[in-house]
Amino acid sequence: MRTIAMRYLWALICLLPTFSFSQYNQGGTINGKVQGPDNAPLEFANVVLNAAADSSLAKVEVTGQDGQFAMKNVPEGQYWVTVSYVGLPPCRSETFRVAAGEKYNLPAIQMQETNIELSEVVVTAEKPLVEVRADKMVFNVENTINASGSTAFELLRKAPGVVVDNNDNINLLGRAGVQVYIDGKPSPLSASDLAAFLKTVQSDEIEAIEVITNPSSRYDAEGNAGIINIRMKKDKRLGANANISLGYSVGEVAQYNGSVNGNFRNEHLNAFGSYSHSEGENRNFMNLYRRQLGMFYDQKNQQGHEWSGHNFKAGTDFFLSDEHTVGFLATGFISDNSGWSTSRTPFGLIEFNRVDTILLAQSNDQRDRNNLNFNLNYRYDNKKGLVWNIDADYGLFRNDGSAYQPNFYLDPTETITFREKINTNETPTDIDIYTFKVDHERPVLGGQLGAGLKLALVNTDNTFRFFDEYDGSPVLNTNRSNRFVYEENINAGYVNFQRQVGKLGVQAGLRVEQTHSTGGLTSFREGEPGEQFDRDYIDFFPSGGLSYAPGEKHNFQLSYSRRINRPSYQDLNPFLNKLDELTYEQGNPFLKPEYANNIQLTHSYNYRFSTTLSYSHTKDLITRITDTADVNASYITWLNLADQYSYSLSVSAPIPITKWWSSFTNMTGSHTRNKADYGDGKLVNLDATTFNIYSQHTFRLPGDFSLEVSGWYNSPSLWGGTFEMDAMWSMDAGIQKKVLDGRGNIRLAVSDIFKTNEWHGVSRFGALDLDVGGGWDSRRFRVNFTYLLGNDQVKGARRRNTGLEEEQNRVKSGNG
């Protein structure tokens with residue numbers, strides 16, 4: 001199987017050059033004329049052609065002496081033009097369609113006079129909060145007041161169709177298995193490490209969040225629910241500049257952050273870099289009441305977390321010519337974390353309904369996360385549709401953790417100690433990721449053909465040393481200590497074709513991925529044989545779609561894709577992560593990948609209003625299950641759920657109510673059904689119809705002030721495989737003021753005004769009944785200041801995707 005896969009992949013890459021027989025699609029011509037306020041021809045006016053599908057720039061022309069312009073070889077599609085001229089307000093045309101070979105004559109464009117003196121004119125182009133594009137939805141958070149001072153992770157709660165649960169897992173359109181990209185690169189971090197990283201990334205470093213619910217074959221097949229791409233800010237100004245941001249927030253405890261980014265660009269190179277630092281504390285609580293095997297346990301837990309995080313990026317792009325670019329990029333983060341928890345658990349026999357014993361437990365842990373990523377990139381683009389892009393990447397993760405966990409069993413009066421159990425552990429983890437990726441695009445048969453190859457190699461080494469403490473001295477427990485080594489090689493190739501034929505657009509693709517993985521669990525106990533596994537499999541991931549535009553304002557899209565979600569590297573690791581001696585978490589080395597088939601129908605109106613109907617069937621869903629261990633303990637592990645069926649309907653509506661009041665609302669309803677039979681009476685058969693809404697209202701006030709109010713609501717839902725969760729909601733408000741001639745910006749905001757962002761749920765699974773709830777320091781006051789230094793006309797670094805991101809999404813180590 002592996003040999004067949006490699007033959008297929010190399011055949012694919014070898015065939016790429018043979019596509020040169022293709023002919024360029026015959027484009028249309030756009031003719032137009034621009035007139036001044038006095039109806040006279042306007043010379044030297046800038047005319048910009050934008051594609052209606054994604055607002056991208058298609059062509060730029062300048063009017064001649066007679067005010068006329070012509071744009072030739074325009075590909076078939078829908079467009080609009082924007083005309084600008086010094087001293088006059090810009091003018092935008094209506095959306096229009098250009099057919100292949102057509103000569104389209106625009107109605108004359110007449111610029112209007114302004115009543116403001118030229119010296120007072122300041123034209124500000126502001127992006128809409130949400131843009132609906134052909135293949136994704138873009139949430140432009142750059143100027144959102146309530147985003148100031150918050151983190152990237154907090155912003156995800158506000159993105160259209162996105163729900164973040166109480167354990168920091170991200171769901172999209174009611175489905176788990178979301179792949180998170182950073183600047184078009186899949187992150188290799190696991191759920192907990194990804195959450196920890198995103199909590200160190202400040203909102204002022206983010207330009208937009210892109211939601212891609214049904215990716216084509218050019219994307220990695222990882223991510224059953226789709227892709228969320230977080231686009232970081234990059235300067236678009238010429239020359240040299242820098243941007244400084246400072247932030248502070250306070251709730252029960254304080255948090256601080258600051259960042260600086262700089263950019264220099266000339267005709268030969270572009271150098272850019274950024275650094276941000278955040279530190280602070282947070283607090284949360286969890287209450288867990290469980291009944292199992294005739295006993296009850298009433299646990300109350302308080303937790304605290306302190307961190308100091310550093311994120312940095314540096315890169316250069318060398319422009320060898322108009323068509324050839326070579327770039328180098330280095331990114332990384334360093335995070336030092338310490339945490340503590342205290343819990344009190346009275347327990348006894350349900351029959352007598354009285355407390356027999358009280359467990360008092362503590363945990364003090366130290367976790368350090370270090371990551372470095374390096375990317376070398378070459379790109380060829382002849383600006384006529386012929387593109388070659390090559391990436392070579394290396395990423396390393398060095399995570400280290402230790403914990404001290406004393407447990408004391410007392411009588412109901414808490415004066416007599418029955419027994420004590422004190423443990424410590426050390427959990428170092430090393431992960432190395434190597435990837436190589438080639439992507440190619442060219443015009444073929446009147447459309448665009450894309451093909452590519454990706455090779456990925458991942459090595460992980462995890463050690464768990466468990467110590468029992470006697471008389472203050474730790475002694476290694478060889479029965480509980482082990483080492484887990486995991487290696488994975490994924491070879492992938494894809495081909496994708498898309499073409500527009502009149503009002504009908506067609507897209508079809510196929511991705512093939514061959515995976516070979518090995519894992520070995522070695523015990524520290526002498527003579528213990530350990531456990532080994534070796535897997536080799538090939539998967540095919542077809543994708544396709546149809547789009548139809550009956551008129552300029554309506555667009556329909558039908559798409560299908562098959563996706564995969566592999567277990568994170570640490571979820572395969574069977575190490576124990578304890579909250580106390582009776583409550584812990586454990587990985588599962590025998591987890592299988594989950595597969596999903598997704599179908600989606602979308603209608604957009606005027607490229608603003610969007611309605612999406614989705615269906616998904618996931619086989620072997622990877623989910624959290626809470627089960628019993630021995631007589632007294634319970635634990636969370638990862639299992640494959642047999643089937644999950646999900647239906648969803650999502651509506652997004654950006655509505656300008658008045659000139660000074662604009663709003664955006666996203667509503668998503670979904671129905672989810674979980675089914676599984678694990679034997680011994682452990683059945684899962686749950687249905688839930690859920691609803692969530694996010695709404696934001698912005699008010700433009702006199703004196704360069706802006707006011708913003710936003711809120712979200714999640715109805716009762718399912719979490720993991722067996723939990724039925726109650727509703728949650730929250731509301732934020734903020735105000736913004738531009739200062740220092742528009743170069744500075746001050747934002748004040750309050751999150752979770754009514755302190756309602758708390759969670760509660762129940763689970764009934766086998767012999768275990770659970771009633772759990774919790775919350776965190778969610779009501780916070782935030783203040784943020786940003787200031788721009790230097791030339792405000794610098795064009796920034798090009799945005800490029802590397803090959804490392806999918807693997808990064810699966811790195812996991814410890815708690816977030």
# chains A, B, ... in the order shown; residues from 1 in each chain; ligands from 1
$ residues_around --residues "range 748-753 of chain A" --least-positions-apart "3" --cutoff "12 Å" --atoms "only C-alpha atoms" --output "VMD selection string"
chain A and resid 144 to 151 154 to 155 247 to 251 705 to 713 728 to 738 745 756 to 758 775 to 785
$ atom_distance --atom1 "CA of Gly401 in chain A" --atom2 "CA of Phe484 in chain A"
15.5 Å
$ closest_residue --among "A:Ser650, A:Thr460, A:Gln532, A:Gln600" --to "Ser559 in chain A" --atoms "only C-alpha atoms"
A:Gln600
$ residues_around --residues "Thr82 in chain A" --least-positions-apart "4" --cutoff "6 Å" --atoms "only C-alpha atoms" --output "PyMOL selection string"
chain A and resi 47-48+91-92
$ write_last_selection --atoms "all heavy atoms" --output "tab-separated table (two decimals), in the first residue's frame"
chain	number	residue	atom	x	y	z
A	47	VAL	N	-8.71	54.23	-11.40
A	47	VAL	CA	-9.85	53.32	-11.53
A	47	VAL	C	-9.40	51.93	-11.08
A	47	VAL	O	-8.48	51.35	-11.66
A	47	VAL	CB	-10.38	53.27	-12.98
A	47	VAL	CG1	-11.63	52.39	-13.04
A	47	VAL	CG2	-10.66	54.66	-13.50
A	48	VAL	N	-10.02	51.40	-10.02
A	48	VAL	CA	-9.64	50.11	-9.45
A	48	VAL	C	-10.78	49.12	-9.69
A	48	VAL	O	-11.94	49.40	-9.37
A	48	VAL	CB	-9.37	50.23	-7.93
A	48	VAL	CG1	-9.02	48.86	-7.35
A	48	VAL	CG2	-8.24	51.22	-7.68
A	91	CYS	N	-15.76	57.21	-5.60
A	91	CYS	CA	-17.07	56.80	-6.13
A	91	CYS	C	-16.99	55.34	-6.52
A	91	CYS	O	-16.02	54.90	-7.16
A	91	CYS	CB	-17.43	57.66	-7.35
A	91	CYS	SG	-19.00	57.24	-8.12
A	92	ARG	N	-18.00	54.56	-6.13
A	92	ARG	CA	-18.01	53.13	-6.43
A	92	ARG	C	-19.22	52.80	-7.31
A	92	ARG	O	-20.33	53.30	-7.09
A	92	ARG	CB	-18.08	52.32	-5.14
A	92	ARG	CG	-18.29	50.84	-5.37
A	92	ARG	CD	-18.26	50.05	-4.09
A	92	ARG	NE	-18.98	48.79	-4.23
A	92	ARG	CZ	-18.96	47.80	-3.36
A	92	ARG	NH1	-18.26	47.93	-2.26
A	92	ARG	NH2	-19.64	46.70	-3.56
$ residues_around --residues "Arg743 in chain A" --least-positions-apart "2" --cutoff "6 Å" --atoms "only C-alpha atoms" --output "ChimeraX atom specification"
/A:740-741,787-788
$ residues_around --residues "Pro474 in chain A" --least-positions-apart "5" --cutoff "12 Å" --atoms "only C-alpha atoms" --output "PyMOL selection string"
chain A and resi 404-405+421-426+465-469
$ write_last_selection --atoms "C-alpha atoms" --output "mmCIF file, in the first residue's frame"
data_model
loop_
_atom_site.group_PDB
_atom_site.id
_atom_site.type_symbol
_atom_site.label_atom_id
_atom_site.label_comp_id
_atom_site.auth_asym_id
_atom_site.auth_seq_id
_atom_site.Cartn_x
_atom_site.Cartn_y
_atom_site.Cartn_z
ATOM 1 C CA TYR A 404 3.390 18.316 43.469
ATOM 2 C CA GLN A 405 0.108 16.697 44.587
ATOM 3 C CA LYS A 421 -0.759 10.165 49.802
ATOM 4 C CA ILE A 422 1.789 12.607 48.356
ATOM 5 C CA ASN A 423 2.930 12.318 44.752
ATOM 6 C CA THR A 424 5.137 14.306 42.411
ATOM 7 C CA ASN A 425 5.672 13.883 38.675
ATOM 8 C CA GLU A 426 7.864 15.110 35.839
ATOM 9 C CA ARG A 465 8.175 9.953 35.856
ATOM 10 C CA PHE A 466 5.891 9.349 38.841
ATOM 11 C CA PHE A 467 7.199 9.634 42.426
ATOM 12 C CA ASP A 468 5.728 8.593 45.784
ATOM 13 C CA GLU A 469 6.893 10.789 48.622
#
$ closest_atom_pairs --of "range 219-291 of chain A" --to "range 309-324 of chain A" --cutoff "8 Å" --atoms "only C-alpha atoms" --output "Markdown table"
| residue | atom | partner | partner_atom | distance |
| --- | --- | --- | --- | --- |
| A:Glu267 | CA | A:Phe319 | CA | 7.3 |
| A:His268 | CA | A:Phe319 | CA | 5.1 |
| A:Leu269 | CA | A:Phe318 | CA | 4.5 |
| A:Asn270 | CA | A:Asp317 | CA | 5.1 |
| A:Ala271 | CA | A:Thr316 | CA | 4.4 |
| A:Phe272 | CA | A:Gly315 | CA | 5.5 |
| A:Gly273 | CA | A:Ala314 | CA | 4.2 |
| A:Ser274 | CA | A:Lys313 | CA | 5.2 |
| A:Tyr275 | CA | A:Phe312 | CA | 4.4 |
| A:Ser276 | CA | A:Asn311 | CA | 5.3 |
| A:His277 | CA | A:His310 | CA | 4.7 |
| A:Ser278 | CA | A:Gly309 | CA | 5.3 |
| A:Glu279 | CA | A:Gly309 | CA | 6.2 |
$ atom_distance --atom1 "CA of Asn588 in chain A" --atom2 "CA of Tyr486 in chain A"
12.7 Å
$ residues_around --residues "Asn337 in chain A" --least-positions-apart "5" --cutoff "8 Å" --atoms "only C-alpha atoms" --output "ChimeraX atom specification"
/A:305-308,366-368
$ write_last_selection --atoms "N, CA and C atoms" --output "compact mmCIF listing (two decimals), in the first residue's frame"
# COMPACT_ATOMS: atom_id res chain seq x y z
N HIS A 305 -3.89 30.36 38.03
CA HIS A 305 -2.89 30.15 36.98
C HIS A 305 -2.16 31.47 36.77
N GLU A 306 -0.84 31.42 36.74
CA GLU A 306 -0.02 32.59 36.43
C GLU A 306 0.84 32.26 35.21
N TRP A 307 1.04 33.26 34.35
CA TRP A 307 1.82 33.00 33.15
C TRP A 307 2.61 34.24 32.74
N SER A 308 3.63 33.98 31.95
CA SER A 308 4.40 35.02 31.29
C SER A 308 4.74 34.49 29.91
N GLN A 366 4.24 23.37 37.50
CA GLN A 366 5.05 24.28 36.70
C GLN A 366 5.12 23.71 35.29
N ARG A 367 4.74 24.51 34.30
CA ARG A 367 4.77 24.04 32.92
C ARG A 367 5.40 25.11 32.04
N ASP A 368 6.41 24.71 31.30
CA ASP A 368 7.10 25.61 30.38
C ASP A 368 6.89 25.11 28.95
$ residues_around --residues "Lys503 in chain A" --least-positions-apart "3" --cutoff "9 Å" --atoms "only C-alpha atoms" --output "VMD selection string"
chain A and resid 77 500 547 to 551
$ closest_residue --among "A:Thr583, A:Thr345, A:Asn375, A:Asn382" --to "Val326 in chain A" --atoms "only C-alpha atoms"
A:Asn375
$ atom_distance --atom1 "CA of Ile358 in chain A" --atom2 "CA of Asn301 in chain A"
13.4 Å
$ closest_residue --among "A:Ala508, A:Leu453, A:Ile244, A:Ile212" --to "Tyr494 in chain A" --atoms "only C-alpha atoms"
A:Leu453
$ select_by_dssp --residues "range 576-615 of chain A" --states "strand (DSSP E or B)" --output "PyMOL selection string"
chain A and resi 576-580+583-586+594-605+609-615
$ decode --residues "range 721-732 of chain A" --atoms "all heavy atoms" --output "PDB file, in the first residue's frame"
ATOM      1  N   GLY A 721     -19.020  13.178  24.528  1.00  0.00           N
ATOM      2  CA  GLY A 721     -19.904  12.117  24.071  1.00  0.00           C
ATOM      3  C   GLY A 721     -21.168  11.983  24.891  1.00  0.00           C
ATOM      4  O   GLY A 721     -22.189  11.498  24.392  1.00  0.00           O
ATOM      5  N   THR A 722     -21.154  12.434  26.190  1.00  0.00           N
ATOM      6  CA  THR A 722     -22.267  12.092  27.080  1.00  0.00           C
ATOM      7  C   THR A 722     -22.838  13.270  27.869  1.00  0.00           C
ATOM      8  O   THR A 722     -23.845  13.101  28.549  1.00  0.00           O
ATOM      9  CB  THR A 722     -21.800  11.033  28.101  1.00  0.00           C
ATOM     10  OG1 THR A 722     -20.743  11.575  28.899  1.00  0.00           O
ATOM     11  CG2 THR A 722     -21.308   9.778  27.393  1.00  0.00           C
ATOM     12  N   PHE A 723     -22.232  14.450  27.813  1.00  0.00           N
ATOM     13  CA  PHE A 723     -22.686  15.555  28.652  1.00  0.00           C
ATOM     14  C   PHE A 723     -23.783  16.365  27.968  1.00  0.00           C
ATOM     15  O   PHE A 723     -23.670  16.731  26.792  1.00  0.00           O
ATOM     16  CB  PHE A 723     -21.520  16.492  29.000  1.00  0.00           C
ATOM     17  CG  PHE A 723     -20.680  16.013  30.145  1.00  0.00           C
ATOM     18  CD1 PHE A 723     -19.572  15.213  29.925  1.00  0.00           C
ATOM     19  CD2 PHE A 723     -21.009  16.360  31.449  1.00  0.00           C
ATOM     20  CE1 PHE A 723     -18.799  14.767  30.976  1.00  0.00           C
ATOM     21  CE2 PHE A 723     -20.237  15.914  32.518  1.00  0.00           C
ATOM     22  CZ  PHE A 723     -19.119  15.117  32.281  1.00  0.00           C
ATOM     23  N   GLU A 724     -24.838  16.648  28.744  1.00  0.00           N
ATOM     24  CA  GLU A 724     -25.904  17.549  28.311  1.00  0.00           C
ATOM     25  C   GLU A 724     -25.723  18.866  29.069  1.00  0.00           C
ATOM     26  O   GLU A 724     -25.863  18.914  30.290  1.00  0.00           O
ATOM     27  CB  GLU A 724     -27.266  16.936  28.604  1.00  0.00           C
ATOM     28  CG  GLU A 724     -27.501  15.625  27.871  1.00  0.00           C
ATOM     29  CD  GLU A 724     -28.823  14.966  28.248  1.00  0.00           C
ATOM     30  OE1 GLU A 724     -29.847  15.300  27.630  1.00  0.00           O
ATOM     31  OE2 GLU A 724     -28.807  14.155  29.192  1.00  0.00           O
ATOM     32  N   MET A 725     -25.400  19.941  28.319  1.00  0.00           N
ATOM     33  CA  MET A 725     -25.009  21.206  28.924  1.00  0.00           C
ATOM     34  C   MET A 725     -26.166  22.202  28.936  1.00  0.00           C
ATOM     35  O   MET A 725     -27.015  22.223  28.034  1.00  0.00           O
ATOM     36  CB  MET A 725     -23.833  21.812  28.154  1.00  0.00           C
ATOM     37  CG  MET A 725     -22.641  20.888  28.012  1.00  0.00           C
ATOM     38  SD  MET A 725     -21.948  20.322  29.587  1.00  0.00           S
ATOM     39  CE  MET A 725     -21.369  21.899  30.259  1.00  0.00           C
ATOM     40  N   ASP A 726     -26.188  23.072  29.969  1.00  0.00           N
ATOM     41  CA  ASP A 726     -27.177  24.139  30.062  1.00  0.00           C
ATOM     42  C   ASP A 726     -26.777  25.324  29.184  1.00  0.00           C
ATOM     43  O   ASP A 726     -25.674  25.377  28.644  1.00  0.00           O
ATOM     44  CB  ASP A 726     -27.316  24.606  31.517  1.00  0.00           C
ATOM     45  CG  ASP A 726     -27.964  23.561  32.403  1.00  0.00           C
ATOM     46  OD1 ASP A 726     -28.543  22.608  31.846  1.00  0.00           O
ATOM     47  OD2 ASP A 726     -27.869  23.683  33.641  1.00  0.00           O
ATOM     48  N   ALA A 727     -27.665  26.293  29.083  1.00  0.00           N
ATOM     49  CA  ALA A 727     -27.421  27.478  28.263  1.00  0.00           C
ATOM     50  C   ALA A 727     -26.368  28.378  28.903  1.00  0.00           C
ATOM     51  O   ALA A 727     -26.152  28.366  30.121  1.00  0.00           O
ATOM     52  CB  ALA A 727     -28.723  28.253  28.066  1.00  0.00           C
ATOM     53  N   MET A 728     -25.694  29.185  28.067  1.00  0.00           N
ATOM     54  CA  MET A 728     -24.717  30.175  28.511  1.00  0.00           C
ATOM     55  C   MET A 728     -24.917  31.454  27.707  1.00  0.00           C
ATOM     56  O   MET A 728     -25.357  31.413  26.556  1.00  0.00           O
ATOM     57  CB  MET A 728     -23.278  29.671  28.295  1.00  0.00           C
ATOM     58  CG  MET A 728     -22.909  28.434  29.060  1.00  0.00           C
ATOM     59  SD  MET A 728     -21.270  27.807  28.553  1.00  0.00           S
ATOM     60  CE  MET A 728     -20.211  29.198  28.959  1.00  0.00           C
ATOM     61  N   TRP A 729     -24.590  32.604  28.317  1.00  0.00           N
ATOM     62  CA  TRP A 729     -24.644  33.865  27.569  1.00  0.00           C
ATOM     63  C   TRP A 729     -23.735  34.896  28.222  1.00  0.00           C
ATOM     64  O   TRP A 729     -23.303  34.742  29.363  1.00  0.00           O
ATOM     65  CB  TRP A 729     -26.076  34.394  27.470  1.00  0.00           C
ATOM     66  CG  TRP A 729     -26.703  34.835  28.762  1.00  0.00           C
ATOM     67  CD1 TRP A 729     -27.262  34.038  29.715  1.00  0.00           C
ATOM     68  CD2 TRP A 729     -26.830  36.180  29.238  1.00  0.00           C
ATOM     69  NE1 TRP A 729     -27.726  34.788  30.756  1.00  0.00           N
ATOM     70  CE2 TRP A 729     -27.487  36.115  30.495  1.00  0.00           C
ATOM     71  CE3 TRP A 729     -26.454  37.427  28.740  1.00  0.00           C
ATOM     72  CZ2 TRP A 729     -27.770  37.250  31.241  1.00  0.00           C
ATOM     73  CZ3 TRP A 729     -26.750  38.560  29.479  1.00  0.00           C
ATOM     74  CH2 TRP A 729     -27.409  38.468  30.710  1.00  0.00           C
ATOM     75  N   SER A 730     -23.445  35.952  27.454  1.00  0.00           N
ATOM     76  CA  SER A 730     -22.562  36.998  27.958  1.00  0.00           C
ATOM     77  C   SER A 730     -22.782  38.265  27.142  1.00  0.00           C
ATOM     78  O   SER A 730     -23.228  38.206  25.985  1.00  0.00           O
ATOM     79  CB  SER A 730     -21.100  36.562  27.861  1.00  0.00           C
ATOM     80  OG  SER A 730     -20.237  37.565  28.320  1.00  0.00           O
ATOM     81  N   MET A 731     -22.462  39.436  27.733  1.00  0.00           N
ATOM     82  CA  MET A 731     -22.588  40.711  27.039  1.00  0.00           C
ATOM     83  C   MET A 731     -21.382  41.586  27.348  1.00  0.00           C
ATOM     84  O   MET A 731     -20.900  41.642  28.483  1.00  0.00           O
ATOM     85  CB  MET A 731     -23.884  41.429  27.455  1.00  0.00           C
ATOM     86  CG  MET A 731     -24.117  42.749  26.726  1.00  0.00           C
ATOM     87  SD  MET A 731     -25.745  43.456  27.076  1.00  0.00           S
ATOM     88  CE  MET A 731     -26.778  42.307  26.166  1.00  0.00           C
ATOM     89  N   ASP A 732     -20.877  42.282  26.306  1.00  0.00           N
ATOM     90  CA  ASP A 732     -19.742  43.181  26.423  1.00  0.00           C
ATOM     91  C   ASP A 732     -20.136  44.579  25.942  1.00  0.00           C
ATOM     92  O   ASP A 732     -21.084  44.735  25.167  1.00  0.00           O
ATOM     93  CB  ASP A 732     -18.557  42.705  25.568  1.00  0.00           C
ATOM     94  CG  ASP A 732     -18.109  41.291  25.906  1.00  0.00           C
ATOM     95  OD1 ASP A 732     -18.497  40.798  26.981  1.00  0.00           O
ATOM     96  OD2 ASP A 732     -17.384  40.700  25.092  1.00  0.00           O
TER      97      ASP A 732
END
